[in-house]
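Asker: Here's a structure for you.
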Amino acid sequence: MARLIAFREALREAMSEEMRRDPNVFLMGEEVAEYNGAYKVSQGMLDEFGPKRVIDTPIAELGFTGIAVGAAQNGLRPIVEFMTWNFAVLALDQILNTASKMLAMSGGQISCPIVFRGPNGSAGQLGAQHSTAFESYYANIPGIKVISPSNPYDAKGLMKAAIRDNDPVMFMESEVMYGDKGEVPETEYIIPIGKADVKRQGRDVTIVSYNKMMKVALGAAAELEKEGISAEVIDLRTIRPLDWQTIVESVKKTNRLVIVEEQWPMCSVSSEIAYRIQKEAFDYLDAPIRRITAADAPLHYAPNLVAAALPDVPRTVKLVKEVMYVKK
Amino acid sequence: MAATKFSKETYLYWYELMQLIRQFELMAEEKYKMDGKIRGFFHAYVGQEAIAAGCMTATRIEDPFVTAYRDHGLALAKGMSPDACMAELYGKATGCAKGKGGSMHFFGKDVYFFGGHGIVGAQIGTGAGLAFAEKYKGTDNVALTFFGDGAARQGMLHETFNMAMTWKLPVIFICENNNYAMGTSVERTSNVVDIYKLADAYEMPGDTVDGMSAEAVHEAISRAVKRAREGDGPTLLEIKTYRYKGHSISDPQKYRTKEEVEEYKQRDPIQLVLSTIYKNKYATKDEIAAIDKRVNDAVVASVKFAEESPWPSDDEVLKDVAMDANYPFIVD
């Protein structure tokens, strides 16, 4: 039986189920315990698991990440919540130089099974320092995995996979999606990391997106349908490893590809997809691969500037028509 | 004759371990400089051997150690074989990290040596994390976390001290103060030159220790270990030591005088232990010569082992990067 639950509840269920299953899993971060989470993702978890396993930290991202990484190297399976991925930059040294490299540097001796999670990207008028989308940053790093789901069902199944994974996993959420409701089964399920999902079937064009930009992609597809254009929409769900095979299969059918993402354009996820698809499906393309990213600028505060900087449905519709060579 | 506080066996263990570390380092440096068979950054432990010796006799094997890039001495002390260590310096497949780590990244999980780390101060946090895991699992093991005086100026130290005290983690923070952060003396990096006082801000016990004395190191570590095992939390020990060699093998050492180096060599930690051995007749000159020969043979054998070992095969490039056996590497 599926129920409608919110994104934050889906994450909470995933963490709680895994903590019941494995005593070595614990949650650590700012405000995760007594405050019940800055965005209430961990609500009630302190009550169930106690302060040994649901741990409030001081505001010291580098320090608590270091402690969690050391704990992971010594047999535990930490989940580290960042209040936002913008703050995780302070801990990047630990993620990049210790968590991601230790297995290689130690010749395979020291692994680091750890999940880093928290909201990512823009969430309205939060200003430049709380609005960066980091998928492409972490996706550049060998040895780690980057997950960026778009709905409660995927979030739960992928979070459980992330916690059971034996490598460091970055899990990107969104402040503006925590309240989104979706159908989630009562029974246990796990979604494998690295598998994209075709969220809408179509014939004429492929739109690839992830995280909250999936709403733009699906919104554009609905608009396009009114005009007789059938868009296939692929939700990447995992950024690294990138399931480019699913995109190739779709492009073989539609012969056109548009990517919608919240990254800045330089060295973004769409850059990598465009490279991969031109290499693997060159003969199937009837138009250049195009994309809509965030504007190549820090995100400003004013509401019209936020709107102007981020991908939206009208611009996505317009871009799809361009790759369809539809005049109007 | 006044009996020493430590046994004959302890002194002889200290002497042999310290000689092994020193002779290993001198041989490796020779192979680096003369033969060019060792490359990369190389930081010798020469002069600091008493710290490794004192820490070993004050702990048990299950107590995890983690340190910075000056890691050869502690790796040998933990019991990693000179063969595997020398082969790692050579970048050979038989090295303690399969030739993937090099001088700065020795690892020996089987002897609870969690590595040499290259980002100054980063291991202060992960060392506390090793301790966190021990406490979480309910052991009474204690994590020994080593760092230099340079690392004491990193923010990581303060963030970690704060949490380690708040959570009473079983960790000993060991600052091996050899006076110089590369070429910058302690006095030039802070208004606070007594690094052990940094513990005061977190109400952590802090103390200074004579790092040329294996006895003093053992006693200070023992006190801190006892405190940690009993659940009372961390201690900061500032161990005053001195490196005879440069910061790294390429350091011209213009920031200090030859006289200063000579002055410290007068209090050489190995000679101090040796004189106690002779004074108490714990060994004859012949017996010491036999130890020296055993050490020398082991070091010479490690070079032979390293030189005769194979390089890692090229397909190791994409191995040990992820635990996931089917990790999909980006291959163009």
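We name chains A, B, ... following the order of the structure tokens; residues begin at 1 in each chain, and ligands are numbered from 1 as shown.
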Set the cut-off to 6 Å and count only C-alpha atoms: what are the residues of chain B that reach chain A? Output as a VMD selection string.

Answerer: chain B and resid 97 to 98 100 to 101 107 125 to 126 128 to 130 133 156 159 to 160 320 to 323

Asker: Need to verify the contact set: A:Ser131, 12 Å, only C-alpha atoms, exclusion of same-chain residues closer than 2 positions in sequence. Can you return it as a PDB file with all heavy atoms, in the first residue's frame?

Answerer:
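What ended up in out33.pdb:
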```pdb
ATOM      1  N   THR A  84      22.946  23.278   4.871  1.00  0.00           N
ATOM      2  CA  THR A  84      22.879  23.485   3.425  1.00  0.00           C
ATOM      3  C   THR A  84      24.232  23.070   2.856  1.00  0.00           C
ATOM      4  O   THR A  84      25.254  23.169   3.531  1.00  0.00           O
ATOM      5  CB  THR A  84      22.570  24.939   3.013  1.00  0.00           C
ATOM      6  OG1 THR A  84      23.232  25.234   1.775  1.00  0.00           O
ATOM      7  CG2 THR A  84      23.037  25.939   4.045  1.00  0.00           C
ATOM      8  N   TRP A  85      24.210  22.637   1.608  1.00  0.00           N
ATOM      9  CA  TRP A  85      25.478  22.270   0.971  1.00  0.00           C
ATOM     10  C   TRP A  85      26.410  23.471   0.823  1.00  0.00           C
ATOM     11  O   TRP A  85      27.612  23.314   0.666  1.00  0.00           O
ATOM     12  CB  TRP A  85      25.225  21.604  -0.384  1.00  0.00           C
ATOM     13  CG  TRP A  85      24.934  20.149  -0.215  1.00  0.00           C
ATOM     14  CD1 TRP A  85      23.715  19.556  -0.151  1.00  0.00           C
ATOM     15  CD2 TRP A  85      25.905  19.099  -0.042  1.00  0.00           C
ATOM     16  NE1 TRP A  85      23.858  18.197   0.051  1.00  0.00           N
ATOM     17  CE2 TRP A  85      25.195  17.898   0.115  1.00  0.00           C
ATOM     18  CE3 TRP A  85      27.303  19.065  -0.006  1.00  0.00           C
ATOM     19  CZ2 TRP A  85      25.810  16.667   0.304  1.00  0.00           C
ATOM     20  CZ3 TRP A  85      27.925  17.846   0.183  1.00  0.00           C
ATOM     21  CH2 TRP A  85      27.196  16.664   0.335  1.00  0.00           C
ATOM     22  N   ASN A  86      25.807  24.678   0.906  1.00  0.00           N
ATOM     23  CA  ASN A  86      26.668  25.867   0.866  1.00  0.00           C
ATOM     24  C   ASN A  86      27.657  25.871   2.034  1.00  0.00           C
ATOM     25  O   ASN A  86      28.773  26.358   1.900  1.00  0.00           O
ATOM     26  CB  ASN A  86      25.812  27.134   0.925  1.00  0.00           C
ATOM     27  CG  ASN A  86      24.982  27.307  -0.336  1.00  0.00           C
ATOM     28  OD1 ASN A  86      25.465  27.839  -1.330  1.00  0.00           O
ATOM     29  ND2 ASN A  86      23.742  26.860  -0.310  1.00  0.00           N
ATOM     30  N   PHE A  87      27.243  25.351   3.185  1.00  0.00           N
ATOM     31  CA  PHE A  87      28.136  25.322   4.349  1.00  0.00           C
ATOM     32  C   PHE A  87      29.151  24.185   4.240  1.00  0.00           C
ATOM     33  O   PHE A  87      30.212  24.207   4.871  1.00  0.00           O
ATOM     34  CB  PHE A  87      27.335  25.165   5.642  1.00  0.00           C
ATOM     35  CG  PHE A  87      26.310  26.238   5.897  1.00  0.00           C
ATOM     36  CD1 PHE A  87      25.303  26.045   6.833  1.00  0.00           C
ATOM     37  CD2 PHE A  87      26.338  27.443   5.210  1.00  0.00           C
ATOM     38  CE1 PHE A  87      24.350  27.027   7.075  1.00  0.00           C
ATOM     39  CE2 PHE A  87      25.386  28.433   5.444  1.00  0.00           C
ATOM     40  CZ  PHE A  87      24.388  28.214   6.386  1.00  0.00           C
ATOM     41  N   PRO A 119      20.095  20.196   2.019  1.00  0.00           N
ATOM     42  CA  PRO A 119      19.506  20.930   0.902  1.00  0.00           C
ATOM     43  C   PRO A 119      20.567  21.618   0.055  1.00  0.00           C
ATOM     44  O   PRO A 119      21.600  22.040   0.549  1.00  0.00           O
ATOM     45  CB  PRO A 119      18.589  21.941   1.590  1.00  0.00           C
ATOM     46  CG  PRO A 119      19.171  22.128   2.950  1.00  0.00           C
ATOM     47  CD  PRO A 119      19.810  20.815   3.319  1.00  0.00           C
ATOM     48  N   ASN A 120      20.255  21.732  -1.219  1.00  0.00           N
ATOM     49  CA  ASN A 120      21.234  22.177  -2.213  1.00  0.00           C
ATOM     50  C   ASN A 120      20.537  23.078  -3.218  1.00  0.00           C
ATOM     51  O   ASN A 120      19.351  22.929  -3.491  1.00  0.00           O
ATOM     52  CB  ASN A 120      21.778  20.923  -2.914  1.00  0.00           C
ATOM     53  CG  ASN A 120      22.682  21.243  -4.074  1.00  0.00           C
ATOM     54  OD1 ASN A 120      23.731  21.828  -3.887  1.00  0.00           O
ATOM     55  ND2 ASN A 120      22.267  20.876  -5.271  1.00  0.00           N
ATOM     56  N   GLY A 121      21.271  24.009  -3.764  1.00  0.00           N
ATOM     57  CA  GLY A 121      20.725  24.870  -4.809  1.00  0.00           C
ATOM     58  C   GLY A 121      19.905  26.018  -4.238  1.00  0.00           C
ATOM     59  O   GLY A 121      19.910  26.269  -3.029  1.00  0.00           O
ATOM     60  N   SER A 122      19.207  26.696  -5.117  1.00  0.00           N
ATOM     61  CA  SER A 122      18.467  27.885  -4.705  1.00  0.00           C
ATOM     62  C   SER A 122      17.166  27.500  -4.021  1.00  0.00           C
ATOM     63  O   SER A 122      16.667  26.390  -4.188  1.00  0.00           O
ATOM     64  CB  SER A 122      18.159  28.743  -5.934  1.00  0.00           C
ATOM     65  OG  SER A 122      17.222  28.059  -6.753  1.00  0.00           O
ATOM     66  N   ALA A 123      16.643  28.418  -3.232  1.00  0.00           N
ATOM     67  CA  ALA A 123      15.338  28.193  -2.587  1.00  0.00           C
ATOM     68  C   ALA A 123      14.671  29.542  -2.396  1.00  0.00           C
ATOM     69  O   ALA A 123      14.372  29.956  -1.283  1.00  0.00           O
ATOM     70  CB  ALA A 123      15.522  27.457  -1.265  1.00  0.00           C
ATOM     71  N   GLY A 124      14.488  30.234  -3.471  1.00  0.00           N
ATOM     72  CA  GLY A 124      13.857  31.551  -3.390  1.00  0.00           C
ATOM     73  C   GLY A 124      14.884  32.652  -3.183  1.00  0.00           C
ATOM     74  O   GLY A 124      15.996  32.579  -3.697  1.00  0.00           O
ATOM     75  N   GLN A 125      14.510  33.626  -2.375  1.00  0.00           N
ATOM     76  CA  GLN A 125      15.357  34.817  -2.216  1.00  0.00           C
ATOM     77  C   GLN A 125      16.318  34.650  -1.047  1.00  0.00           C
ATOM     78  O   GLN A 125      16.284  35.403  -0.086  1.00  0.00           O
ATOM     79  CB  GLN A 125      14.467  36.039  -2.017  1.00  0.00           C
ATOM     80  CG  GLN A 125      13.643  36.399  -3.247  1.00  0.00           C
ATOM     81  CD  GLN A 125      12.699  37.543  -2.947  1.00  0.00           C
ATOM     82  OE1 GLN A 125      11.528  37.327  -2.681  1.00  0.00           O
ATOM     83  NE2 GLN A 125      13.207  38.766  -2.985  1.00  0.00           N
ATOM     84  N   LEU A 126      17.192  33.677  -1.129  1.00  0.00           N
ATOM     85  CA  LEU A 126      18.125  33.419  -0.032  1.00  0.00           C
ATOM     86  C   LEU A 126      19.446  34.158  -0.213  1.00  0.00           C
ATOM     87  O   LEU A 126      20.317  34.103   0.650  1.00  0.00           O
ATOM     88  CB  LEU A 126      18.395  31.912   0.099  1.00  0.00           C
ATOM     89  CG  LEU A 126      17.173  31.033   0.419  1.00  0.00           C
ATOM     90  CD1 LEU A 126      17.605  29.581   0.618  1.00  0.00           C
ATOM     91  CD2 LEU A 126      16.418  31.531   1.636  1.00  0.00           C
ATOM     92  N   GLY A 127      19.616  34.807  -1.336  1.00  0.00           N
ATOM     93  CA  GLY A 127      20.866  35.526  -1.561  1.00  0.00           C
ATOM     94  C   GLY A 127      21.944  34.612  -2.098  1.00  0.00           C
ATOM     95  O   GLY A 127      21.805  33.382  -2.144  1.00  0.00           O
ATOM     96  N   ALA A 128      23.033  35.217  -2.494  1.00  0.00           N
ATOM     97  CA  ALA A 128      24.069  34.500  -3.235  1.00  0.00           C
ATOM     98  C   ALA A 128      24.703  33.351  -2.452  1.00  0.00           C
ATOM     99  O   ALA A 128      25.014  32.300  -3.018  1.00  0.00           O
ATOM    100  CB  ALA A 128      25.155  35.484  -3.674  1.00  0.00           C
ATOM    101  N   GLN A 129      24.901  33.539  -1.136  1.00  0.00           N
ATOM    102  CA  GLN A 129      25.694  32.545  -0.397  1.00  0.00           C
ATOM    103  C   GLN A 129      24.902  31.331   0.067  1.00  0.00           C
ATOM    104  O   GLN A 129      25.474  30.399   0.626  1.00  0.00           O
ATOM    105  CB  GLN A 129      26.382  33.212   0.804  1.00  0.00           C
ATOM    106  CG  GLN A 129      27.450  34.206   0.358  1.00  0.00           C
ATOM    107  CD  GLN A 129      28.168  34.844   1.509  1.00  0.00           C
ATOM    108  OE1 GLN A 129      27.594  35.064   2.575  1.00  0.00           O
ATOM    109  NE2 GLN A 129      29.448  35.164   1.312  1.00  0.00           N
ATOM    110  N   ALA A 133      24.131  25.460  -6.423  1.00  0.00           N
ATOM    111  CA  ALA A 133      23.881  24.037  -6.693  1.00  0.00           C
ATOM    112  C   ALA A 133      25.226  23.342  -6.904  1.00  0.00           C
ATOM    113  O   ALA A 133      26.006  23.743  -7.764  1.00  0.00           O
ATOM    114  CB  ALA A 133      22.997  23.876  -7.919  1.00  0.00           C
ATOM    115  N   PHE A 134      25.490  22.303  -6.105  1.00  0.00           N
ATOM    116  CA  PHE A 134      26.841  21.745  -6.042  1.00  0.00           C
ATOM    117  C   PHE A 134      27.021  20.399  -6.739  1.00  0.00           C
ATOM    118  O   PHE A 134      28.086  19.803  -6.630  1.00  0.00           O
ATOM    119  CB  PHE A 134      27.270  21.588  -4.575  1.00  0.00           C
ATOM    120  CG  PHE A 134      27.613  22.892  -3.917  1.00  0.00           C
ATOM    121  CD1 PHE A 134      26.682  23.573  -3.162  1.00  0.00           C
ATOM    122  CD2 PHE A 134      28.875  23.445  -4.078  1.00  0.00           C
ATOM    123  CE1 PHE A 134      27.004  24.784  -2.572  1.00  0.00           C
ATOM    124  CE2 PHE A 134      29.203  24.654  -3.491  1.00  0.00           C
ATOM    125  CZ  PHE A 134      28.261  25.323  -2.733  1.00  0.00           C
ATOM    126  N   SER A 174      16.473  19.604  -1.349  1.00  0.00           N
ATOM    127  CA  SER A 174      16.126  20.996  -1.623  1.00  0.00           C
ATOM    128  C   SER A 174      15.153  21.509  -0.572  1.00  0.00           C
ATOM    129  O   SER A 174      14.177  20.819  -0.248  1.00  0.00           O
ATOM    130  CB  SER A 174      15.499  21.135  -3.014  1.00  0.00           C
ATOM    131  OG  SER A 174      14.938  22.425  -3.156  1.00  0.00           O
ATOM    132  N   GLU A 175      15.414  22.703  -0.073  1.00  0.00           N
ATOM    133  CA  GLU A 175      14.507  23.323   0.903  1.00  0.00           C
ATOM    134  C   GLU A 175      13.087  23.402   0.352  1.00  0.00           C
ATOM    135  O   GLU A 175      12.126  23.233   1.093  1.00  0.00           O
ATOM    136  CB  GLU A 175      14.966  24.757   1.236  1.00  0.00           C
ATOM    137  CG  GLU A 175      16.262  24.846   2.023  1.00  0.00           C
ATOM    138  CD  GLU A 175      17.463  25.090   1.121  1.00  0.00           C
ATOM    139  OE1 GLU A 175      17.447  24.601  -0.041  1.00  0.00           O
ATOM    140  OE2 GLU A 175      18.416  25.743   1.561  1.00  0.00           O
ATOM    141  N   VAL A 176      12.965  23.675  -0.933  1.00  0.00           N
ATOM    142  CA  VAL A 176      11.623  23.895  -1.493  1.00  0.00           C
ATOM    143  C   VAL A 176      10.945  22.585  -1.892  1.00  0.00           C
ATOM    144  O   VAL A 176       9.812  22.608  -2.370  1.00  0.00           O
ATOM    145  CB  VAL A 176      11.662  24.868  -2.701  1.00  0.00           C
ATOM    146  CG1 VAL A 176      12.142  26.245  -2.250  1.00  0.00           C
ATOM    147  CG2 VAL A 176      12.537  24.334  -3.810  1.00  0.00           C
ATOM    148  N   GLU A 262      20.241  23.314 -12.711  1.00  0.00           N
ATOM    149  CA  GLU A 262      20.422  24.521 -11.923  1.00  0.00           C
ATOM    150  C   GLU A 262      21.901  24.858 -11.740  1.00  0.00           C
ATOM    151  O   GLU A 262      22.244  25.799 -11.020  1.00  0.00           O
ATOM    152  CB  GLU A 262      19.749  24.317 -10.557  1.00  0.00           C
ATOM    153  CG  GLU A 262      19.316  25.601  -9.900  1.00  0.00           C
ATOM    154  CD  GLU A 262      18.840  25.377  -8.490  1.00  0.00           C
ATOM    155  OE1 GLU A 262      18.396  24.264  -8.165  1.00  0.00           O
ATOM    156  OE2 GLU A 262      18.921  26.329  -7.692  1.00  0.00           O
ATOM    157  N   GLN A 263      22.779  24.085 -12.344  1.00  0.00           N
ATOM    158  CA  GLN A 263      24.208  24.380 -12.203  1.00  0.00           C
ATOM    159  C   GLN A 263      24.559  25.656 -12.950  1.00  0.00           C
ATOM    160  O   GLN A 263      23.892  26.051 -13.881  1.00  0.00           O
ATOM    161  CB  GLN A 263      25.053  23.256 -12.828  1.00  0.00           C
ATOM    162  CG  GLN A 263      24.703  21.867 -12.374  1.00  0.00           C
ATOM    163  CD  GLN A 263      25.027  21.659 -10.939  1.00  0.00           C
ATOM    164  OE1 GLN A 263      26.172  21.733 -10.545  1.00  0.00           O
ATOM    165  NE2 GLN A 263      24.022  21.413 -10.130  1.00  0.00           N
ATOM    166  N   TRP A 264      25.669  26.252 -12.562  1.00  0.00           N
ATOM    167  CA  TRP A 264      26.282  27.246 -13.421  1.00  0.00           C
ATOM    168  C   TRP A 264      26.776  26.525 -14.682  1.00  0.00           C
ATOM    169  O   TRP A 264      27.071  25.309 -14.638  1.00  0.00           O
ATOM    170  CB  TRP A 264      27.452  27.914 -12.706  1.00  0.00           C
ATOM    171  CG  TRP A 264      27.023  28.909 -11.678  1.00  0.00           C
ATOM    172  CD1 TRP A 264      26.030  29.838 -11.799  1.00  0.00           C
ATOM    173  CD2 TRP A 264      27.571  29.085 -10.362  1.00  0.00           C
ATOM    174  NE1 TRP A 264      25.929  30.588 -10.644  1.00  0.00           N
ATOM    175  CE2 TRP A 264      26.864  30.153  -9.747  1.00  0.00           C
ATOM    176  CE3 TRP A 264      28.585  28.459  -9.639  1.00  0.00           C
ATOM    177  CZ2 TRP A 264      27.144  30.606  -8.449  1.00  0.00           C
ATOM    178  CZ3 TRP A 264      28.873  28.907  -8.359  1.00  0.00           C
ATOM    179  CH2 TRP A 264      28.158  29.958  -7.764  1.00  0.00           C
ATOM    180  N   ALA A 294      21.517  27.616 -14.746  1.00  0.00           N
ATOM    181  CA  ALA A 294      21.417  28.882 -14.019  1.00  0.00           C
ATOM    182  C   ALA A 294      22.295  29.901 -14.741  1.00  0.00           C
ATOM    183  O   ALA A 294      23.261  29.539 -15.425  1.00  0.00           O
ATOM    184  CB  ALA A 294      21.884  28.697 -12.583  1.00  0.00           C
ATOM    185  N   ALA A 297      26.222  33.693 -12.999  1.00  0.00           N
ATOM    186  CA  ALA A 297      26.395  34.792 -12.040  1.00  0.00           C
ATOM    187  C   ALA A 297      25.937  34.304 -10.675  1.00  0.00           C
ATOM    188  O   ALA A 297      25.118  33.388 -10.590  1.00  0.00           O
ATOM    189  CB  ALA A 297      25.537  35.989 -12.464  1.00  0.00           C
ATOM    190  N   PRO A 298      26.466  34.903  -9.585  1.00  0.00           N
ATOM    191  CA  PRO A 298      25.892  34.580  -8.269  1.00  0.00           C
ATOM    192  C   PRO A 298      24.405  34.911  -8.280  1.00  0.00           C
ATOM    193  O   PRO A 298      23.987  35.856  -8.963  1.00  0.00           O
ATOM    194  CB  PRO A 298      26.658  35.502  -7.306  1.00  0.00           C
ATOM    195  CG  PRO A 298      27.915  35.854  -8.035  1.00  0.00           C
ATOM    196  CD  PRO A 298      27.561  35.881  -9.492  1.00  0.00           C
ATOM    197  N   LEU A 299      23.608  34.163  -7.522  1.00  0.00           N
ATOM    198  CA  LEU A 299      22.162  34.396  -7.535  1.00  0.00           C
ATOM    199  C   LEU A 299      21.849  35.640  -6.696  1.00  0.00           C
ATOM    200  O   LEU A 299      22.189  35.701  -5.521  1.00  0.00           O
ATOM    201  CB  LEU A 299      21.413  33.178  -6.988  1.00  0.00           C
ATOM    202  CG  LEU A 299      19.911  33.204  -7.255  1.00  0.00           C
ATOM    203  CD1 LEU A 299      19.621  33.053  -8.741  1.00  0.00           C
ATOM    204  CD2 LEU A 299      19.206  32.093  -6.476  1.00  0.00           C
ATOM    205  N   HIS A 300      21.200  36.619  -7.339  1.00  0.00           N
ATOM    206  CA  HIS A 300      20.884  37.859  -6.624  1.00  0.00           C
ATOM    207  C   HIS A 300      19.630  37.686  -5.785  1.00  0.00           C
ATOM    208  O   HIS A 300      18.959  36.656  -5.844  1.00  0.00           O
ATOM    209  CB  HIS A 300      20.714  38.994  -7.633  1.00  0.00           C
ATOM    210  CG  HIS A 300      21.875  39.124  -8.576  1.00  0.00           C
ATOM    211  ND1 HIS A 300      23.153  39.395  -8.135  1.00  0.00           N
ATOM    212  CD2 HIS A 300      21.964  38.987  -9.924  1.00  0.00           C
ATOM    213  CE1 HIS A 300      23.966  39.442  -9.189  1.00  0.00           C
ATOM    214  NE2 HIS A 300      23.272  39.180 -10.286  1.00  0.00           N
ATOM    215  N   TYR A 301      19.282  38.751  -5.067  1.00  0.00           N
ATOM    216  CA  TYR A 301      18.188  38.658  -4.098  1.00  0.00           C
ATOM    217  C   TYR A 301      16.812  38.980  -4.679  1.00  0.00           C
ATOM    218  O   TYR A 301      15.835  38.296  -4.389  1.00  0.00           O
ATOM    219  CB  TYR A 301      18.492  39.591  -2.912  1.00  0.00           C
ATOM    220  CG  TYR A 301      17.338  39.772  -1.976  1.00  0.00           C
ATOM    221  CD1 TYR A 301      16.949  38.728  -1.129  1.00  0.00           C
ATOM    222  CD2 TYR A 301      16.615  40.960  -1.945  1.00  0.00           C
ATOM    223  CE1 TYR A 301      15.875  38.876  -0.273  1.00  0.00           C
ATOM    224  CE2 TYR A 301      15.537  41.116  -1.086  1.00  0.00           C
ATOM    225  CZ  TYR A 301      15.173  40.070  -0.256  1.00  0.00           C
ATOM    226  OH  TYR A 301      14.121  40.224   0.586  1.00  0.00           O
ATOM    227  N   VAL A 306      15.975  36.580  -9.361  1.00  0.00           N
ATOM    228  CA  VAL A 306      15.986  35.131  -9.127  1.00  0.00           C
ATOM    229  C   VAL A 306      15.316  34.423 -10.299  1.00  0.00           C
ATOM    230  O   VAL A 306      15.853  33.470 -10.875  1.00  0.00           O
ATOM    231  CB  VAL A 306      15.261  34.774  -7.801  1.00  0.00           C
ATOM    232  CG1 VAL A 306      15.089  33.256  -7.668  1.00  0.00           C
ATOM    233  CG2 VAL A 306      16.031  35.321  -6.605  1.00  0.00           C
ATOM    234  N   ALA A 309      17.309  34.361 -13.457  1.00  0.00           N
ATOM    235  CA  ALA A 309      18.567  33.597 -13.437  1.00  0.00           C
ATOM    236  C   ALA A 309      18.352  32.094 -13.555  1.00  0.00           C
ATOM    237  O   ALA A 309      19.277  31.366 -13.908  1.00  0.00           O
ATOM    238  CB  ALA A 309      19.324  33.902 -12.149  1.00  0.00           C
ATOM    239  N   LEU A 310      17.158  31.624 -13.220  1.00  0.00           N
ATOM    240  CA  LEU A 310      16.937  30.176 -13.146  1.00  0.00           C
ATOM    241  C   LEU A 310      16.134  29.659 -14.339  1.00  0.00           C
ATOM    242  O   LEU A 310      15.333  30.392 -14.917  1.00  0.00           O
ATOM    243  CB  LEU A 310      16.207  29.835 -11.842  1.00  0.00           C
ATOM    244  CG  LEU A 310      16.998  30.129 -10.562  1.00  0.00           C
ATOM    245  CD1 LEU A 310      16.137  29.860  -9.334  1.00  0.00           C
ATOM    246  CD2 LEU A 310      18.281  29.309 -10.502  1.00  0.00           C
TER     247      LEU A 310
END
```

Asker: Any idea what the distance is between atom CA of B:Ile119 and atom CA of B:Asp71?

Answerer: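 Distance reported for this atom pair: 13.0 Å.
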
Asker: Just the strand (DSSP E or B) stuff from stretch 133-308 of chain B, please, per backbone DSSP, written as a PyMOL selection string.

Answerer: chain B and resi 143-148+171-177+180-181+184-185+206-210+235-240

Asker: Based on the selection just made, write C-alpha atoms of those residues as a short mmCIF file (atom, residue, chain, number, x, y, z; two decimals), in the first residue's frame.

Answerer:
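Listed below is the output, part-v6.cif:
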```
data_model
loop_
_atom_site.label_atom_id
_atom_site.label_comp_id
_atom_site.auth_asym_id
_atom_site.auth_seq_id
_atom_site.Cartn_x
_atom_site.Cartn_y
_atom_site.Cartn_z
CA ALA B 143 43.23 7.10 19.54
CA LEU B 144 46.63 8.77 19.35
CA THR B 145 46.46 11.71 17.00
CA PHE B 146 49.80 13.23 16.00
CA PHE B 147 50.38 16.58 14.37
CA GLY B 148 53.08 19.18 14.14
CA VAL B 171 41.78 10.71 22.10
CA ILE B 172 45.24 12.03 22.85
CA PHE B 173 46.28 15.01 20.80
CA ILE B 174 50.03 14.85 20.42
CA CYS B 175 51.70 17.94 19.07
CA GLU B 176 55.19 17.00 17.97
CA ASN B 177 56.66 20.46 18.32
CA TYR B 180 59.50 24.79 12.77
CA ALA B 181 56.45 24.73 10.55
CA THR B 184 58.56 29.28 10.04
CA SER B 185 59.43 29.12 13.71
CA GLY B 206 47.40 20.09 28.49
CA ASP B 207 51.01 19.47 29.26
CA THR B 208 54.46 19.83 27.84
CA VAL B 209 56.76 16.83 27.50
CA ASP B 210 60.48 16.37 26.85
CA THR B 235 44.47 15.40 26.60
CA LEU B 236 46.79 17.67 24.66
CA LEU B 237 50.47 16.86 24.98
CA GLU B 238 52.96 19.21 23.45
CA ILE B 239 56.04 17.08 22.98
CA LYS B 240 59.09 19.22 22.49
#
```

Asker: Considering only C-alpha atoms, return as a PyMOL selection string whatever protein or nucleic-acid residues lie within 9 Å of stretch 19-21 of chain B, sequence-local ones (same chain, fewer than 4 positions apart) excluded.

Answerer: chain B and resi 14-15+25-26+45-46+49+72-74+76-77+82+270+291-292+295-296+298-299

Asker: Can you list every residue in stretch 216-299 of chain B that DSSP puts in alpha helix (DSSP H), as a ChimeraX atom specification?

Answerer: /B:216-229,258-265,269-279,285-299

Asker: Please report the interatomic distance between atom CA of B:Phe113 and atom CA of B:Phe6 in Å with one decimal.

Answerer: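 We find that atom CA of B:Phe113 and atom CA of B:Phe6 lie 25.6 Å from each other.
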
Asker: Neighbours of B:Cys85 within 9 Å (only C-alpha atoms; same-chain residues fewer than 6 positions away dropped), as an MDAnalysis selection string?

Answerer: chainID B and resid 72 75:76 94:97 103 106 302 306

Asker: Give me the residues near stretch 40-44 of chain B as a ChimeraX atom specification, where near means some atom within 9 Å (using only C-alpha atoms) and where sequence neighbours in that chain fewer than 2 positions away do not count.

Answerer: /B:22,25-26,28-29,32,38,46-47,69-73,89,102-104,243-250

Asker: Do a neighbour search on stretch 236-239 of chain A at 6 Å with only C-alpha atoms, toss out local chain neighbours closer than 3 positions, and write the hits as a VMD selection string.

Answerer: chain A and resid 146 to 149 194 196 210 242

Asker: Ranking A:Ala10, A:Ile247, A:Ile273, A:Gly202 by minimum distance to A:Glu225 and counting only C-alpha atoms, which one comes first?

Answerer: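 Closest to A:Glu225 of all the choices is A:Gly202.
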
Asker: At a cut-off of 7 Å, using only C-alpha atoms, what residues contact A:Arg117? Leave out same-chain residues fewer than 6 positions from it and give the result as a ChimeraX atom specification.

Answerer: /A:80-82,170-172
